[in-house]
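Q: Could you have a look at this structure, given as structure tokens, before my questions?
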Amino acid sequence: MSRPLLDVSGLTMRFGGLLAVDGVHLSVEPGQIVSMIGPNGAGKTTVFNCLTGFYKPSGGKILFDGREIQGMPGFKVARRGMIRTFQHVRLFKEMTVVENLLVAQHQHMNTNLLAGLFKTPGYRRSEQEALERAAYWLDRVDLHAFANRPANTLAYGQQRRLEIARCMVTQPKLLMLDEPAAGLNPRETDDLKELISELRDQHQITVLLIEHDMKLVMSISDRIVVINQGRPLAAGTPDEIKQNPDVIKAYLGET
Amino acid sequence: MAMPESLYYFIQQLINGLTVGSTYALIAIGYTMVYGIIGMINFAHGEIYMIGSYIAFIVIAALAMFGIESVPLIIVAAFAISMMVTSAYGYSIERVAYRPLRGGNRLIPLISAIGMSIFLQNLVRIAQGSRDIAMPTMISGGVDIGPHEGFHATLSYMQMIIFVVTLITMFGLTLFISRSRMGRACRACAEDLKMTNLLGINTNGIIALTFVIGAALAAIAGVLLGMYYGVINPYIGFMAGLKAFTAAVLGGIGSIPGAVLGGLLLGVTEAITAGYFSSEYKDVVAFALLILILLFRPSGILGRPEVEKV
């Protein structure tokens with residue numbers, strides 16, 4: 001059996017007196033799409049924030065690709081191949097679409113100022129590769145025609161796709177999407193579903209998803225983890241989750 | 001064709017104003033770039049300018065001691081060494097006094113900056129003495145604009161050097177910000193520091209780079225103004241820093257073109273006040289301008305209205 005790409009145990013996050021995340025366990029196998037669901041305020045986004053180094057967790061262990069990463073600064077976590085989006089669009093709005101994709105590849109590029117000044121062959125090559133990768137992903141998310149437009153002139157759905165492309169050019173191992181379908185219409189949601197499946201099937205990307213759109217979650221997830229009030233409530237395949245009485249109670253309330 | 005004296009007088013004020021204004025702009029860029037990325041006013045920045053002047057003086061004196069007389073060589077060495085030393089200062093100040101305080105209340109780094117400013121001023125005062133130091137005059141003369149007899153305006157060679165050096169610096173900075181990869185990362189940081197970090201970019205490194213660039217530009221201004229005025233003392237950084245800060249706010253803090261515009265505008269305003277009213281009032285007018293801007297257009301001329309950052 002393969003080693004999990006992400007293995008979280010006992011993750012705890014305390015804000016003053018509030019225990020936002022309390023002993024969350026999470027295991028993601030390579031090549032899977034795992035969804036995290038739960039009522040609003042359950043602590044899902046806080047888990048994301050702890051994983052990506054946005055917050056320093058108060059306790060617990062995060063093993064990513066065989067290394068402990070809890071408390072590591074965000075850029076180092078990202079360089080190990082964990083990349084995320086936020087609930088709201090966080091593009092560099094004043095940069096062009098292609099610049100958004102180039103700046104995301106900064107870590108892979110030769111940023112030596114002298115090399116840039118004299119445009120050494122290595123510098124040119126890395127620039128060329130970055131541009132090609134950007135073009136490839138712009139094609140994938142259907143934004144090629146907008147490459148030189150400022151990012152804030154794109155429509156909302158396009159901005160969300162550009163965010164996924166920006167994640168992909170960093171060549172991640174784990175893609176974490178925080179409510180990617182929020183604000184999308186049904187057609188756009190279908191496109192998104194196709195894109196996420198394609199990422200897994202053709203690019204061997206592992207996906208961790210927070211999503212409220214149950215239709216989307218149930219149809220693409222390999223596994224689902226339910227979190228309620230900061231605590232893990234259930235985990236299993238979509239069918240198991242649908243049948244789980246605890247989950248039904250948490251979502252529908254006591255009857 | 002005879003032009004009226006008053007026109008030459010005006011041209012002279014304009015030249016003087018643009019000279020001082022372009023050095024304000026150089027210092028203001030340091031304020032505005034740091035503010036653009038971490039939202040903090042680096043009040044120790046004026047002292048960096050002062051230290052830049054002192055380093056230039058030391059270099060000039062040392063080279064003279066070794067018997068080197070080539071003026072271009074001395075000037076180039078003064079610029080290069082002054083920029084290197086102040087870059088080290090800029091980097092260290094950020095590393096020691098600001099970075100450990102980042103992430104908390106925004107007031108705390110501000111107070112740390114004021115403390116750093118007092119520290120640097122006194123450091124130089126103790127090391128170099130508090131009296132005025134005369135910079136040796138290396139470049140004199142200029143070109144007359146207008147008739148040789150009677151009243152005319154003069155553009156001195158020193159002023160020309162200030163214009164040319166400032167222009168080259170601005171051009172280089174613009175290229176760096178808009179074309180280079182590091183510049184691209186700087187722009188990303190200015191838009192969304194945390195997101196940039198989560199994309200795998202070492203944002204602390206970019207912030208340090210911003211301080212280094214700002215310090216180097218302040219050193220350029222320090223060398224230029226030191227040679228222009230011919231007198232330096234440990235207190236010049238305070239007023240120059242306040243003026244450059246005013247320039248940055250005037251143009252719209254966070255905007256580099258704004259800092260340039262604000263610097264030039266402030267320099268010209270001061271020169272016109274001094275020329276037509278009284279030079280004693282030029283600081284009054286400069287800071288009245290700051291208050292007016294803060295009251296009626298806090299985002300400055302080219303700045304955008306403040307958007308709450310998450």
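Residue names in the structure tokens use chain letters A, B, ... in the order shown, residue numbers from 1 in each chain, and ligand numbers from 1 in the order shown.
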With only C-alpha atoms counted and 10 Å as the cut-off, give the residues of chain B in contact with chain A, each with its shortest interatomic distance in Å and the pair that gives it, as CSV.
A:
residue,atom,partner,partner_atom,distance
B:Phe176,CA,A:Leu113,CA,9.3
B:Arg179,CA,A:Gly116,CA,9.6
B:Ser180,CA,A:Gly116,CA,7.0
B:Arg181,CA,A:Thr111,CA,6.1
B:Met182,CA,A:Thr111,CA,6.4
B:Gly183,CA,A:Val103,CA,9.8
B:Arg184,CA,A:Val103,CA,6.4
B:Ala185,CA,A:Val103,CA,6.1
B:Cys186,CA,A:Val103,CA,9.7
B:Arg187,CA,A:Met95,CA,8.3
B:Ala188,CA,A:Phe92,CA,6.3
B:Cys189,CA,A:Phe92,CA,9.0
B:Ala190,CA,A:Phe92,CA,9.3
B:Glu191,CA,A:Phe92,CA,6.1
B:Asp192,CA,A:Phe92,CA,7.0
B:Lys194,CA,A:Phe54,CA,8.0
B:Met195,CA,A:Arg90,CA,7.1
B:Thr196,CA,A:Ala104,CA,7.8
B:Asn197,CA,A:Phe75,CA,4.9
B:Leu198,CA,A:Phe75,CA,5.1
B:Leu199,CA,A:Ala104,CA,5.7
B:Gly200,CA,A:Phe75,CA,3.9
B:Ile201,CA,A:Phe75,CA,5.5
B:Asn202,CA,A:Phe75,CA,5.8
B:Thr203,CA,A:Phe75,CA,7.9
B:Asn204,CA,A:Phe75,CA,9.9
Q: Now that the selection is made, can you save its residues with N, CA and C atoms as an mmCIF file, in the first residue's frame?
A:
data_model
loop_
_atom_site.group_PDB
_atom_site.id
_atom_site.type_symbol
_atom_site.label_atom_id
_atom_site.label_comp_id
_atom_site.auth_asym_id
_atom_site.auth_seq_id
_atom_site.Cartn_x
_atom_site.Cartn_y
_atom_site.Cartn_z
ATOM 1 N N PHE B 176 13.404 47.711 -13.545
ATOM 2 C CA PHE B 176 13.489 46.618 -12.584
ATOM 3 C C PHE B 176 12.098 46.170 -12.144
ATOM 4 N N ARG B 179 9.984 44.870 -15.441
ATOM 5 C CA ARG B 179 10.473 43.815 -16.323
ATOM 6 C C ARG B 179 11.134 42.625 -15.621
ATOM 7 N N SER B 180 11.771 42.871 -14.493
ATOM 8 C CA SER B 180 12.551 41.768 -13.925
ATOM 9 C C SER B 180 11.669 40.837 -13.100
ATOM 10 N N ARG B 181 12.192 39.637 -12.868
ATOM 11 C CA ARG B 181 11.422 38.665 -12.090
ATOM 12 C C ARG B 181 11.285 39.103 -10.648
ATOM 13 N N MET B 182 12.364 39.643 -10.093
ATOM 14 C CA MET B 182 12.275 40.120 -8.717
ATOM 15 C C MET B 182 11.279 41.274 -8.628
ATOM 16 N N GLY B 183 11.292 42.140 -9.641
ATOM 17 C CA GLY B 183 10.346 43.254 -9.659
ATOM 18 C C GLY B 183 8.913 42.755 -9.711
ATOM 19 N N ARG B 184 8.714 41.691 -10.500
ATOM 20 C CA ARG B 184 7.382 41.087 -10.599
ATOM 21 C C ARG B 184 6.959 40.571 -9.224
ATOM 22 N N ALA B 185 7.898 39.930 -8.538
ATOM 23 C CA ALA B 185 7.583 39.418 -7.199
ATOM 24 C C ALA B 185 7.298 40.575 -6.243
ATOM 25 N N CYS B 186 8.008 41.693 -6.402
ATOM 26 C CA CYS B 186 7.738 42.872 -5.571
ATOM 27 C C CYS B 186 6.312 43.356 -5.782
ATOM 28 N N ARG B 187 5.901 43.403 -7.062
ATOM 29 C CA ARG B 187 4.540 43.862 -7.339
ATOM 30 C C ARG B 187 3.517 42.911 -6.747
ATOM 31 N N ALA B 188 3.811 41.607 -6.832
ATOM 32 C CA ALA B 188 2.895 40.624 -6.256
ATOM 33 C C ALA B 188 2.775 40.842 -4.757
ATOM 34 N N CYS B 189 3.907 41.086 -4.099
ATOM 35 C CA CYS B 189 3.892 41.315 -2.653
ATOM 36 C C CYS B 189 3.069 42.550 -2.312
ATOM 37 N N ALA B 190 3.205 43.595 -3.130
ATOM 38 C CA ALA B 190 2.476 44.824 -2.854
ATOM 39 C C ALA B 190 0.976 44.588 -2.969
ATOM 40 N N GLU B 191 0.580 43.660 -3.851
ATOM 41 C CA GLU B 191 -0.853 43.409 -4.004
ATOM 42 C C GLU B 191 -1.387 42.488 -2.921
ATOM 43 N N ASP B 192 -0.669 41.438 -2.608
ATOM 44 C CA ASP B 192 -1.170 40.450 -1.650
ATOM 45 C C ASP B 192 0.017 39.659 -1.095
ATOM 46 N N LYS B 194 0.444 37.805 1.614
ATOM 47 C CA LYS B 194 0.264 36.435 2.099
ATOM 48 C C LYS B 194 0.076 35.455 0.966
ATOM 49 N N MET B 195 -0.692 35.868 -0.041
ATOM 50 C CA MET B 195 -0.887 34.978 -1.185
ATOM 51 C C MET B 195 0.446 34.724 -1.876
ATOM 52 N N THR B 196 1.243 35.764 -2.015
ATOM 53 C CA THR B 196 2.555 35.605 -2.643
ATOM 54 C C THR B 196 3.390 34.583 -1.877
ATOM 55 N N ASN B 197 3.331 34.666 -0.566
ATOM 56 C CA ASN B 197 4.062 33.720 0.277
ATOM 57 C C ASN B 197 3.581 32.297 0.030
ATOM 58 N N LEU B 198 2.266 32.136 -0.078
ATOM 59 C CA LEU B 198 1.711 30.787 -0.254
ATOM 60 C C LEU B 198 1.966 30.231 -1.652
ATOM 61 N N LEU B 199 2.468 31.076 -2.549
ATOM 62 C CA LEU B 199 2.838 30.565 -3.881
ATOM 63 C C LEU B 199 4.312 30.154 -3.899
ATOM 64 N N GLY B 200 4.950 30.143 -2.751
ATOM 65 C CA GLY B 200 6.319 29.640 -2.679
ATOM 66 C C GLY B 200 7.379 30.711 -2.794
ATOM 67 N N ILE B 201 6.988 31.981 -2.659
ATOM 68 C CA ILE B 201 7.984 33.050 -2.745
ATOM 69 C C ILE B 201 8.356 33.489 -1.332
ATOM 70 N N ASN B 202 9.641 33.584 -1.083
ATOM 71 C CA ASN B 202 10.115 34.013 0.230
ATOM 72 C C ASN B 202 9.861 35.513 0.382
ATOM 73 N N THR B 203 8.712 35.833 0.963
ATOM 74 C CA THR B 203 8.311 37.242 1.019
ATOM 75 C C THR B 203 9.207 38.051 1.954
ATOM 76 N N ASN B 204 9.765 37.406 2.982
ATOM 77 C CA ASN B 204 10.697 38.142 3.835
ATOM 78 C C ASN B 204 11.898 38.628 3.036
#
Q: Near Met116 (chain B), counting only C-alpha atoms, which residues have an atom at most 8 Å away, once you skip same-chain residues fewer than 3 positions from it, shown as a list in words?
A: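 Once the nearby chain positions are removed, what remains is Ala44, Ile93, Ala97, Ser112, Ala113, Phe119 and Leu120 of chain B.
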Q: Write a file of the just-selected residues containing N, CA and C atoms, as a compact mmCIF listing (two decimals), in the first residue's frame.
A:
# COMPACT_ATOMS: atom_id res chain seq x y z
N ALA B 44 12.84 55.75 10.05
CA ALA B 44 14.29 55.83 10.11
C ALA B 44 14.90 56.09 8.73
N ILE B 93 18.46 47.20 9.58
CA ILE B 93 17.36 47.85 10.32
C ILE B 93 16.10 47.01 10.21
N ALA B 97 14.99 45.56 13.69
CA ALA B 97 14.00 46.40 14.38
C ALA B 97 12.57 46.20 13.88
N SER B 112 9.07 51.54 16.87
CA SER B 112 10.41 51.00 16.69
C SER B 112 11.18 51.82 15.66
N ALA B 113 10.49 52.27 14.62
CA ALA B 113 11.14 53.06 13.58
C ALA B 113 11.59 54.41 14.13
N PHE B 119 18.24 56.53 17.36
CA PHE B 119 19.47 55.77 17.56
C PHE B 119 20.50 56.11 16.48
N LEU B 120 20.09 56.09 15.24
CA LEU B 120 21.03 56.33 14.14
C LEU B 120 21.57 57.75 14.18
Q: Could you pull out all residues of region 20-166 of chain A with a DSSP call of strand (DSSP E) and give them as a list in words?
A: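 Strand (DSSP E) members of region 20-166 of chain A, listed: Ala20, Val21, Asp22, Gly23, Val24, His25, Leu26, Ser27, Val28, Ile33, Val34, Ser35, Met36, Ile37, Gly59, Gly60, Lys61, Ile62, Leu63, Phe64, Arg67, Glu68, Met82, Ile83 and Arg84 of chain A.
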Q: Restricting the output to N, CA and C atoms, write the selected residues as a short mmCIF file (atom, residue, chain, number, x, y, z; two decimals), in the first residue's frame.
A:
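Writing done, so here's out32.cif:
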data_model
loop_
_atom_site.label_atom_id
_atom_site.label_comp_id
_atom_site.auth_asym_id
_atom_site.auth_seq_id
_atom_site.Cartn_x
_atom_site.Cartn_y
_atom_site.Cartn_z
N ALA A 20 -10.93 26.21 17.74
CA ALA A 20 -11.53 26.19 16.40
C ALA A 20 -11.35 24.84 15.73
N VAL A 21 -10.22 24.20 15.97
CA VAL A 21 -9.97 22.87 15.43
C VAL A 21 -9.49 22.02 16.59
N ASP A 22 -10.12 20.86 16.74
CA ASP A 22 -9.89 20.07 17.95
C ASP A 22 -9.63 18.62 17.57
N GLY A 23 -8.38 18.26 17.43
CA GLY A 23 -8.02 16.87 17.20
C GLY A 23 -8.47 16.31 15.86
N VAL A 24 -8.25 17.04 14.80
CA VAL A 24 -8.67 16.57 13.48
C VAL A 24 -7.65 15.58 12.90
N HIS A 25 -8.16 14.48 12.40
CA HIS A 25 -7.33 13.51 11.69
C HIS A 25 -7.72 13.55 10.23
N LEU A 26 -6.72 13.37 9.40
CA LEU A 26 -7.00 13.47 7.97
C LEU A 26 -5.90 12.72 7.24
N SER A 27 -6.29 11.87 6.31
CA SER A 27 -5.28 11.15 5.56
C SER A 27 -5.66 11.17 4.08
N VAL A 28 -4.75 11.59 3.26
CA VAL A 28 -5.04 11.69 1.83
C VAL A 28 -4.04 10.85 1.06
N ILE A 33 -9.17 12.24 -4.71
CA ILE A 33 -9.84 13.52 -4.46
C ILE A 33 -10.57 13.36 -3.13
N VAL A 34 -10.16 14.12 -2.15
CA VAL A 34 -10.77 14.03 -0.82
C VAL A 34 -11.49 15.33 -0.54
N SER A 35 -12.72 15.22 -0.08
CA SER A 35 -13.47 16.43 0.25
C SER A 35 -13.63 16.55 1.75
N MET A 36 -13.57 17.80 2.21
CA MET A 36 -13.84 18.07 3.60
C MET A 36 -15.15 18.82 3.63
N ILE A 37 -16.13 18.26 4.35
CA ILE A 37 -17.42 18.95 4.43
C ILE A 37 -17.77 19.17 5.90
N GLY A 59 -1.38 22.51 18.11
CA GLY A 59 -0.94 21.16 18.42
C GLY A 59 -1.21 20.22 17.26
N GLY A 60 -0.59 19.04 17.33
CA GLY A 60 -0.83 18.05 16.29
C GLY A 60 0.34 17.92 15.34
N LYS A 61 0.22 16.92 14.48
CA LYS A 61 1.31 16.61 13.57
C LYS A 61 0.80 16.62 12.14
N ILE A 62 1.54 17.23 11.24
CA ILE A 62 1.17 17.24 9.82
C ILE A 62 2.32 16.62 9.04
N LEU A 63 2.07 15.46 8.48
CA LEU A 63 3.09 14.82 7.65
C LEU A 63 2.70 15.03 6.19
N PHE A 64 3.57 15.69 5.44
CA PHE A 64 3.28 15.88 4.02
C PHE A 64 4.44 15.32 3.21
N ARG A 67 7.38 14.33 5.28
CA ARG A 67 8.07 15.29 6.15
C ARG A 67 7.07 15.98 7.07
N GLU A 68 7.50 16.27 8.28
CA GLU A 68 6.66 17.05 9.18
C GLU A 68 6.72 18.51 8.77
N MET A 82 2.54 21.89 -1.80
CA MET A 82 1.18 22.05 -1.31
C MET A 82 0.73 23.45 -1.68
N ILE A 83 -0.37 23.53 -2.41
CA ILE A 83 -0.78 24.85 -2.90
C ILE A 83 -2.28 24.97 -2.72
N ARG A 84 -2.76 26.18 -2.49
CA ARG A 84 -4.17 26.33 -2.17
C ARG A 84 -4.80 27.54 -2.84
#
Q: Neighbouring residues of Asp142 (chain A) were defined as those with any atom within 9 Å, considering only C-alpha atoms; residues of the same chain fewer than 5 positions away were excluded. Please report them as a tab-separated table (two decimals) with N, CA and C atoms, in the first residue's frame.
A:
chain	number	residue	atom	x	y	z
A	137	TRP	N	-1.29	25.88	-19.43
A	137	TRP	CA	-2.40	25.91	-18.48
A	137	TRP	C	-3.46	26.93	-18.86
A	158	GLN	N	-14.05	33.08	-14.81
A	158	GLN	CA	-12.72	33.03	-15.42
A	158	GLN	C	-11.63	33.26	-14.37
A	161	ARG	N	-11.02	30.11	-12.56
A	161	ARG	CA	-10.23	29.15	-13.35
A	161	ARG	C	-8.77	29.58	-13.40
Q: Any idea what's packed within 12 Å of Val76 (chain B), counting only C-alpha atoms, ignoring anything in its chain fewer than 3 positions away? Could you give it as a PDB file with N, CA and C atoms, in the first residue's frame?
A:
ATOM      1  N   ALA B  56      29.615  59.430   1.925  1.00  0.00           N
ATOM      2  CA  ALA B  56      30.196  60.113   0.768  1.00  0.00           C
ATOM      3  C   ALA B  56      31.329  61.034   1.217  1.00  0.00           C
ATOM      4  N   VAL B  59      34.377  58.978   2.123  1.00  0.00           N
ATOM      5  CA  VAL B  59      35.040  58.447   0.930  1.00  0.00           C
ATOM      6  C   VAL B  59      35.843  59.548   0.241  1.00  0.00           C
ATOM      7  N   ILE B  60      35.203  60.716   0.096  1.00  0.00           N
ATOM      8  CA  ILE B  60      35.892  61.833  -0.579  1.00  0.00           C
ATOM      9  C   ILE B  60      37.147  62.230   0.201  1.00  0.00           C
ATOM     10  N   LEU B  63      39.864  59.423  -0.115  1.00  0.00           N
ATOM     11  CA  LEU B  63      40.521  59.379  -1.425  1.00  0.00           C
ATOM     12  C   LEU B  63      41.462  60.579  -1.577  1.00  0.00           C
ATOM     13  N   SER B  70      41.224  62.569  -9.398  1.00  0.00           N
ATOM     14  CA  SER B  70      40.263  62.474 -10.497  1.00  0.00           C
ATOM     15  C   SER B  70      38.840  62.626  -9.965  1.00  0.00           C
ATOM     16  N   VAL B  71      38.187  63.734 -10.346  1.00  0.00           N
ATOM     17  CA  VAL B  71      36.849  64.024  -9.815  1.00  0.00           C
ATOM     18  C   VAL B  71      35.831  62.936 -10.178  1.00  0.00           C
ATOM     19  N   PRO B  72      35.776  62.499 -11.458  1.00  0.00           N
ATOM     20  CA  PRO B  72      34.798  61.442 -11.780  1.00  0.00           C
ATOM     21  C   PRO B  72      35.013  60.190 -10.938  1.00  0.00           C
ATOM     22  N   LEU B  73      36.263  59.808 -10.742  1.00  0.00           N
ATOM     23  CA  LEU B  73      36.559  58.608  -9.957  1.00  0.00           C
ATOM     24  C   LEU B  73      36.070  58.770  -8.522  1.00  0.00           C
ATOM     25  N   PHE B  79      29.457  57.396  -4.671  1.00  0.00           N
ATOM     26  CA  PHE B  79      28.142  56.781  -4.897  1.00  0.00           C
ATOM     27  C   PHE B  79      28.162  55.299  -4.548  1.00  0.00           C
ATOM     28  N   ALA B  80      29.142  54.595  -5.101  1.00  0.00           N
ATOM     29  CA  ALA B  80      29.150  53.139  -4.961  1.00  0.00           C
ATOM     30  C   ALA B  80      29.277  52.725  -3.501  1.00  0.00           C
ATOM     31  N   ILE B  81      30.235  53.307  -2.809  1.00  0.00           N
ATOM     32  CA  ILE B  81      30.465  52.880  -1.427  1.00  0.00           C
ATOM     33  C   ILE B  81      29.303  53.315  -0.535  1.00  0.00           C
ATOM     34  N   SER B  82      28.822  54.526  -0.763  1.00  0.00           N
ATOM     35  CA  SER B  82      27.703  55.015   0.040  1.00  0.00           C
ATOM     36  C   SER B  82      26.474  54.123  -0.142  1.00  0.00           C
ATOM     37  N   MET B  83      26.202  53.716  -1.394  1.00  0.00           N
ATOM     38  CA  MET B  83      25.041  52.863  -1.635  1.00  0.00           C
ATOM     39  C   MET B  83      25.218  51.494  -0.982  1.00  0.00           C
ATOM     40  N   VAL B 165      21.465  62.015 -12.810  1.00  0.00           N
ATOM     41  CA  VAL B 165      21.547  60.833 -11.937  1.00  0.00           C
ATOM     42  C   VAL B 165      20.146  60.384 -11.514  1.00  0.00           C
ATOM     43  N   ILE B 220      21.847  57.737  -2.749  1.00  0.00           N
ATOM     44  CA  ILE B 220      22.079  58.554  -3.946  1.00  0.00           C
ATOM     45  C   ILE B 220      21.678  59.997  -3.656  1.00  0.00           C
ATOM     46  N   VAL B 223      24.258  61.630  -1.279  1.00  0.00           N
ATOM     47  CA  VAL B 223      25.493  62.059  -1.943  1.00  0.00           C
ATOM     48  C   VAL B 223      25.231  63.325  -2.759  1.00  0.00           C
ATOM     49  N   LEU B 224      24.141  63.320  -3.509  1.00  0.00           N
ATOM     50  CA  LEU B 224      23.834  64.459  -4.385  1.00  0.00           C
ATOM     51  C   LEU B 224      23.598  65.733  -3.584  1.00  0.00           C
TER      52      LEU B 224
END
Q: Taking only C-alpha atoms into account, which of A:Thr189, A:Asp246, A:Tyr136, A:Thr206 comes nearest Ser219 (chain A)?
A: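 Among the listed residues, the smallest separation from Ser219 (chain A) belongs to A:Thr189.
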